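Participant: Input structure_10.pdb, format and content: PDB, C-alpha atoms.
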ATOM      1  CA  MET A   1      18.680   0.943   2.320
ATOM      2  CA  THR A   2      18.989   4.392   0.716
ATOM      3  CA  ASN A   3      16.334   6.204  -1.316
ATOM      4  CA  GLU A   4      18.632   5.932  -4.352
ATOM      5  CA  GLN A   5      18.807   2.145  -3.981
ATOM      6  CA  ILE A   6      15.024   1.952  -3.685
ATOM      7  CA  ILE A   7      14.505   4.217  -6.724
ATOM      8  CA  ASP A   8      16.880   1.976  -8.696
ATOM      9  CA  MET A   9      14.827  -1.082  -7.663
ATOM     10  CA  LEU A  10      11.572   0.629  -8.647
ATOM     11  CA  LYS A  11      12.979   1.578 -12.044
ATOM     12  CA  GLU A  12      14.486  -1.864 -12.692
ATOM     13  CA  ALA A  13      11.152  -3.513 -11.878
ATOM     14  CA  GLU A  14       9.276  -0.977 -14.079
ATOM     15  CA  VAL A  15       7.193   0.142 -11.108
ATOM     16  CA  LEU A  16       7.371   3.904 -11.705
ATOM     17  CA  LEU A  17       5.347   4.825 -14.805
ATOM     18  CA  GLU A  18       4.966   8.252 -16.430
ATOM     19  CA  GLY A  19       1.986   9.539 -18.446
ATOM     20  CA  HIS A  20      -1.630  10.417 -17.543
ATOM     21  CA  PHE A  21      -3.171   8.066 -15.002
ATOM     22  CA  LEU A  22      -6.531   7.570 -13.300
ATOM     23  CA  LEU A  23      -5.740   6.603  -9.713
ATOM     24  CA  THR A  24      -7.832   4.308  -7.512
ATOM     25  CA  SER A  25      -8.897   7.421  -5.588
ATOM     26  CA  GLY A  26     -10.433   8.860  -8.786
ATOM     27  CA  ARG A  27      -7.733  11.544  -8.986
ATOM     28  CA  HIS A  28      -5.357  12.007 -11.936
ATOM     29  CA  SER A  29      -1.535  12.026 -11.904
ATOM     30  CA  ASP A  30       1.420  12.213 -14.301
ATOM     31  CA  ARG A  31       3.192   9.392 -12.461
ATOM     32  CA  TYR A  32       1.937   6.029 -11.280
ATOM     33  CA  MET A  33       3.521   3.517  -8.951
ATOM     34  CA  GLN A  34       2.540   0.010 -10.084
ATOM     35  CA  CYS A  35       3.910  -1.657  -6.953
ATOM     36  CA  ALA A  36       2.340  -4.998  -7.806
ATOM     37  CA  LYS A  37       5.210  -5.415 -10.261
ATOM     38  CA  ILE A  38       7.736  -5.335  -7.420
ATOM     39  CA  PHE A  39       6.280  -8.611  -6.119
ATOM     40  CA  GLN A  40       7.196 -10.397  -9.351
ATOM     41  CA  TYR A  41      10.767 -10.422  -8.090
ATOM     42  CA  ALA A  42      11.796 -11.701  -4.662
ATOM     43  CA  LYS A  43      15.114  -9.869  -5.113
ATOM     44  CA  TYR A  44      13.166  -6.590  -4.802
ATOM     45  CA  SER A  45      10.178  -7.460  -2.611
ATOM     46  CA  GLU A  46      12.117  -9.235   0.136
ATOM     47  CA  PRO A  47      14.492  -6.337   0.935
ATOM     48  CA  LEU A  48      11.724  -3.720   0.661
ATOM     49  CA  CYS A  49       9.440  -5.663   3.005
ATOM     50  CA  ALA A  50      12.403  -6.312   5.310
ATOM     51  CA  GLU A  51      13.057  -2.553   5.384
ATOM     52  CA  LEU A  52       9.465  -1.968   6.463
ATOM     53  CA  ALA A  53       9.404  -4.856   8.970
ATOM     54  CA  LYS A  54      12.594  -3.516  10.550
ATOM     55  CA  GLN A  55      10.740  -0.295  11.398
ATOM     56  CA  TYR A  56       8.114  -2.255  13.388
ATOM     57  CA  LYS A  57      10.296  -4.968  14.952
ATOM     58  CA  GLU A  58      10.077  -3.428  18.452
ATOM     59  CA  ASP A  59       6.264  -2.985  18.392
ATOM     60  CA  ASN A  60       5.271  -6.540  19.359
ATOM     61  CA  VAL A  61       3.240  -7.065  16.181
ATOM     62  CA  GLU A  62       1.165 -10.260  16.409
ATOM     63  CA  LEU A  63      -0.625 -10.133  13.051
ATOM     64  CA  VAL A  64      -0.041  -8.481   9.669
ATOM     65  CA  ILE A  65      -3.048  -7.727   7.438
ATOM     66  CA  GLY A  66      -3.327  -6.097   4.035
ATOM     67  CA  PRO A  67      -6.157  -5.402   1.615
ATOM     68  CA  ALA A  68      -6.599  -7.836  -1.278
ATOM     69  CA  ILE A  69      -5.343  -8.042  -3.823
ATOM     70  CA  GLY A  70      -2.434  -5.598  -3.843
ATOM     71  CA  ALA A  71      -1.119  -6.339  -0.361
ATOM     72  CA  ILE A  72      -1.579 -10.120  -0.122
ATOM     73  CA  GLN A  73       2.040 -10.916  -0.988
ATOM     74  CA  MET A  74       3.250  -7.951   1.016
ATOM     75  CA  ALA A  75       1.373  -9.059   4.152
ATOM     76  CA  TYR A  76       2.916 -12.499   3.721
ATOM     77  CA  GLU A  77       6.462 -11.178   3.343
ATOM     78  CA  VAL A  78       6.240  -8.608   6.166
ATOM     79  CA  GLY A  79       4.661 -11.270   8.400
ATOM     80  CA  LYS A  80       7.487 -13.650   7.487
ATOM     81  CA  GLN A  81      10.097 -10.994   8.257
ATOM     82  CA  LEU A  82       8.464 -10.302  11.657
ATOM     83  CA  GLY A  83       7.856 -14.011  12.364
ATOM     84  CA  VAL A  84       4.083 -13.564  12.796
ATOM     85  CA  LYS A  85       0.841 -14.686  11.188
ATOM     86  CA  ASN A  86      -0.490 -12.800   8.157
ATOM     87  CA  ILE A  87      -3.939 -12.515   6.606
ATOM     88  CA  PHE A  88      -5.726 -10.342   4.078
ATOM     89  CA  ALA A  89      -9.028  -8.496   3.875
ATOM     90  CA  GLU A  90     -11.135  -8.571   0.742
ATOM     91  CA  ARG A  91     -14.220  -6.860  -0.578
ATOM     92  CA  GLU A  92     -17.589  -8.482  -0.289
ATOM     93  CA  ASP A  93     -20.556  -6.439  -1.518
ATOM     94  CA  GLY A  94     -18.248  -3.404  -1.704
ATOM     95  CA  LYS A  95     -17.074  -3.624   1.921
ATOM     96  CA  MET A  96     -13.766  -4.893   3.329
ATOM     97  CA  THR A  97     -14.311  -8.095   5.238
ATOM     98  CA  LEU A  98     -12.515 -11.130   6.589
ATOM     99  CA  ARG A  99     -13.284 -14.348   4.745
ATOM    100  CA  ARG A 100     -11.687 -17.781   4.348
ATOM    101  CA  GLY A 101     -11.758 -18.384   8.094
ATOM    102  CA  PHE A 102      -9.451 -15.433   8.886
ATOM    103  CA  THR A 103      -9.962 -13.826  12.283
ATOM    104  CA  ILE A 104      -8.550 -11.033  14.398
ATOM    105  CA  GLU A 105      -8.540 -11.696  18.134
ATOM    106  CA  LYS A 106      -9.698  -9.050  20.589
ATOM    107  CA  GLY A 107      -6.650  -7.078  21.730
ATOM    108  CA  GLN A 108      -4.379  -8.621  19.071
ATOM    109  CA  ARG A 109      -1.588  -6.234  17.991
ATOM    110  CA  VAL A 110      -2.091  -5.668  14.257
ATOM    111  CA  LEU A 111       0.110  -4.076  11.600
ATOM    112  CA  ILE A 112      -1.776  -3.013   8.467
ATOM    113  CA  VAL A 113       0.235  -3.001   5.234
ATOM    114  CA  GLU A 114      -0.451  -1.620   1.760
ATOM    115  CA  ASP A 115       1.820  -1.478  -1.272
ATOM    116  CA  VAL A 116       1.158   2.196  -2.116
ATOM    117  CA  VAL A 117      -0.656   4.880  -0.111
ATOM    118  CA  THR A 118      -2.121   7.826  -2.021
ATOM    119  CA  THR A 119      -5.291   8.868  -0.163
ATOM    120  CA  GLY A 120      -5.343   5.986   2.327
ATOM    121  CA  GLY A 121      -8.867   4.869   1.401
ATOM    122  CA  SER A 122      -8.204   1.120   1.422
ATOM    123  CA  VAL A 123      -6.080   1.408   4.571
ATOM    124  CA  ARG A 124      -8.885   3.237   6.390
ATOM    125  CA  GLU A 125     -11.322   0.501   5.388
ATOM    126  CA  VAL A 126      -9.007  -2.159   6.833
ATOM    127  CA  MET A 127      -8.512  -0.026   9.969
ATOM    128  CA  GLU A 128     -12.289  -0.009  10.452
ATOM    129  CA  LEU A 129     -12.377  -3.788  10.034
ATOM    130  CA  VAL A 130      -9.578  -4.308  12.592
ATOM    131  CA  ASN A 131     -11.247  -1.933  15.059
ATOM    132  CA  GLU A 132     -14.632  -3.678  14.650
ATOM    133  CA  ALA A 133     -12.937  -7.013  15.413
ATOM    134  CA  GLY A 134     -11.363  -5.577  18.569
ATOM    135  CA  GLY A 135      -7.775  -5.625  17.306
ATOM    136  CA  LYS A 136      -5.224  -2.999  18.379
ATOM    137  CA  ILE A 137      -3.630  -1.233  15.409
ATOM    138  CA  VAL A 138       0.058  -0.707  16.183
ATOM    139  CA  GLY A 139       0.740   0.977  12.857
ATOM    140  CA  ILE A 140       0.414   1.228   9.115
ATOM    141  CA  GLY A 141       3.208   0.327   6.719
ATOM    142  CA  SER A 142       3.642   0.716   2.985
ATOM    143  CA  ILE A 143       6.306   0.177   0.382
ATOM    144  CA  VAL A 144       5.586   3.618  -1.112
ATOM    145  CA  ASP A 145       4.078   6.687   0.533
ATOM    146  CA  ARG A 146       2.898   8.861  -2.375
ATOM    147  CA  THR A 147       1.976  11.693   0.001
ATOM    148  CA  GLY A 148       5.533  12.522   1.016
ATOM    149  CA  GLY A 149       4.631  12.024   4.690
ATOM    150  CA  LYS A 150       1.542  14.250   4.645
ATOM    151  CA  ILE A 151      -1.085  11.607   5.482
ATOM    152  CA  ASP A 152      -2.228  11.034   9.065
ATOM    153  CA  PHE A 153      -3.937   7.794  10.045
ATOM    154  CA  GLY A 154      -3.972   8.574  13.774
ATOM    155  CA  VAL A 155      -1.490   5.721  14.364
ATOM    156  CA  PRO A 156       2.185   5.437  13.412
ATOM    157  CA  TYR A 157       2.690   5.287   9.647
ATOM    158  CA  LYS A 158       6.008   4.218   8.171
ATOM    159  CA  SER A 159       7.081   3.422   4.633
ATOM    160  CA  ALA A 160      10.106   1.945   2.917
ATOM    161  CA  PHE A 161      10.048   4.864   0.464
ATOM    162  CA  SER A 162       8.300   8.231   0.479
ATOM    163  CA  MET A 163       7.706  10.326  -2.619
ATOM    164  CA  ASP A 164       5.390  13.308  -3.022
ATOM    165  CA  ILE A 165       3.598  12.624  -6.307
ATOM    166  CA  THR A 166       1.118  15.307  -7.252
ATOM    167  CA  SER A 167      -2.412  14.258  -8.087
ATOM    168  CA  TYR A 168      -5.355  16.309  -9.316
ATOM    169  CA  GLU A 169      -9.122  16.307  -9.142
ATOM    170  CA  PRO A 170     -10.358  15.440 -12.665
ATOM    171  CA  ASP A 171     -11.863  18.927 -13.197
ATOM    172  CA  ASP A 172      -8.543  20.595 -12.275
ATOM    173  CA  CYS A 173      -6.179  18.244 -14.120
ATOM    174  CA  PRO A 174      -3.682  20.069 -16.367
ATOM    175  CA  ILE A 175      -2.800  16.779 -18.088
ATOM    176  CA  CYS A 176      -6.418  16.420 -19.274
ATOM    177  CA  LYS A 177      -6.216  19.919 -20.720
ATOM    178  CA  SER A 178      -3.089  18.918 -22.673
ATOM    179  CA  GLY A 179      -5.055  16.146 -24.409
ATOM    180  CA  THR A 180      -2.848  13.288 -23.186
ATOM    181  CA  PRO A 181      -4.989  10.109 -23.075
ATOM    182  CA  LEU A 182      -6.045   8.935 -19.602
ATOM    183  CA  VAL A 183      -4.939   5.420 -18.577
ATOM    184  CA  LYS A 184      -6.331   3.355 -15.658
ATOM    185  CA  PRO A 185      -3.482   1.041 -14.661
ATOM    186  CA  GLY A 186      -4.873   0.010 -11.228
ATOM    187  CA  SER A 187      -7.139  -2.879 -10.436
ATOM    188  CA  ARG A 188     -10.035  -1.500  -8.378
ATOM    189  CA  LYS A 189     -13.171  -0.352 -10.231
ATOM    190  CA  ILE A 190     -14.018   3.313  -9.792
ATOM    191  CA  LYS A 191     -17.636   4.303  -9.349
TER     192      LYS A 191
END
Spell out the structure here as structure tokens.
Facilitator:
Amino acid sequence: MTNEQIIDMLKEAEVLLEGHFLLTSGRHSDRYMQCAKIFQYAKYSEPLCAELAKQYKEDNVELVIGPAIGAIQMAYEVGKQLGVKNIFAEREDGKMTLRRGFTIEKGQRVLIVEDVVTTGGSVREVMELVNEAGGKIVGIGSIVDRTGGKIDFGVPYKSAFSMDITSYEPDDCPICKSGTPLVKPGSRKIK
């Protein structure tokens, strides 16, 4: 799948938004990737997750995990594409945890997925959870890498699509200075 095909999918699904956005990381940006919208349509989510799964097919993945809520459907679809079990982590008292009887076996080969990576905060929290459980992280995968390949998790990181989208600390945000209203399109509460 080419970048142009993926961009067309993202536009058709109204995933790429433009304006003044408060990101989950607390940073500001003039573009926002609302990847949750991609999962409204199997015609988009299946090929994008297949593209990602294809990149890990030779890594003997045994389990796919993603942070709730944004990567629940993604973990399912990537797990389906790889033919392995999938689970999700969720916050309890502000910390990522396994609930609902989900477990990670010691030594189990785990692929962590996330719809969009900007700073990698949620991914790092899930990495910590997998490591605490004794799992072996074989890699990280996302639909969109907002860093343009600049982030390093210390394990292989692959994405279906990479795009360097500039973000700013709130005090240094030129969009704030222009007076454009700030919008918080994400789902996680910022402290």
Participant: Written as a count of residues only, which residues does the PyMOL selection byres ((chain A and resi 121) around 12) give for the file shown?
Facilitator: 24
Participant: Expand the PyMOL selection byres ((chain A and resi 32-49) around 9) into the individual residues it matches in the shown file, reporting them as a PyMOL selection string.
Facilitator: chain A and resi 1+6+9-10+13-23+29-31+50-54+70-71+73-75+77-78+81+115-116+142-144+146+160-161+165+185-186
Participant: Expressed in Å to a single decimal, how great is the separation between atom CA of A:Gly149 and atom CA of A:Ile65?
Facilitator: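 Computing it gives 21.4 Å between the two atoms.
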Participant: Between A:Thr166, A:Arg100, A:Leu111, A:Ala89, which has the minimum distance to A:Ile140 (counting all atoms listed in the file)?
Facilitator: A:Leu111
Participant: If you apply the PyMOL selection byres ((chain A and resi 168) around 6) to this file, what residues do you get, as a list in words?
Facilitator: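 Checked against the file, the PyMOL selection byres ((chain A and resi 168) around 6) matches Arg27, His28, Ser167, Glu169 and Cys173 of chain A.
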Participant: If you count all atoms listed in the file, which residues fall within 10 Å of A:Lys85, apart from same-chain ones fewer than 6 positions away, as a PyMOL selection string?
Facilitator: chain A and resi 61-65+75-76+78-79+110
Participant: Which one is closest to A:Glu4: A:Gln108, A:Asn131, A:Thr147, A:Ser162? Count all atoms listed in the file.
Facilitator: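 When distances to A:Glu4 are compared using all atoms listed in the file, the smallest one comes from A:Ser162.
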Participant: For a test of reading the model, state the distance in Å between atom CA of A:Gly94 and atom CA of A:Leu129, rounded to one decimal.
Facilitator: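 These atoms are spaced 13.1 Å apart.
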Participant: Between A:Ala133, A:Asp145, A:Asp93, A:Val138, which residue has the minimum interatomic distance to A:Glu58, considering only C-alpha atoms?
Facilitator: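 For A:Glu58, the nearest of the given residues is A:Val138.
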Participant: Write out as a VMD selection string each polymer residue whose atoms come within 8 Å of A:Gly134, counting only C-alpha atoms; drop sequence neighbours fewer than 3 positions from it.
Facilitator: chain A and resid 104 to 108 130 to 131
Participant: Quick one: write out the picked residues with C-alpha atoms as a PDB file, in the coordinates of the input?
Facilitator:
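Here's the written file part00.pdb:
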ATOM      1  CA  ILE A 104      -8.550 -11.033  14.398  1.00  0.00           C
ATOM      2  CA  GLU A 105      -8.540 -11.696  18.134  1.00  0.00           C
ATOM      3  CA  LYS A 106      -9.698  -9.050  20.589  1.00  0.00           C
ATOM      4  CA  GLY A 107      -6.650  -7.078  21.730  1.00  0.00           C
ATOM      5  CA  GLN A 108      -4.379  -8.621  19.071  1.00  0.00           C
ATOM      6  CA  VAL A 130      -9.578  -4.308  12.592  1.00  0.00           C
ATOM      7  CA  ASN A 131     -11.247  -1.933  15.059  1.00  0.00           C
TER       8      ASN A 131
END
Participant: Quick one: distance from atom CA of A:Asn3 to atom CA of A:Pro156 in Å, one decimal?
Facilitator: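 Separation of atom CA of A:Asn3 and atom CA of A:Pro156: 20.4 Å.
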Participant: Considering all atoms listed in the file, can you say which of A:Phe88, A:Ile112, A:Tyr157, A:Gly148 comes closest to A:Gly135?
Facilitator: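 Of the candidates, the smallest distance to A:Gly135 is held by A:Ile112.
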Participant: From the list A:Ala68, A:Thr103, A:Ser178, A:Lys158, which residue is nearest A:Arg91 when using only C-alpha atoms?
Facilitator: A:Ala68
Participant: Counting all atoms listed in the file, which residue out of A:Pro181, A:Gly83, A:Tyr56, A:Ile7 sits closest to A:Gly139?
Facilitator: A:Tyr56
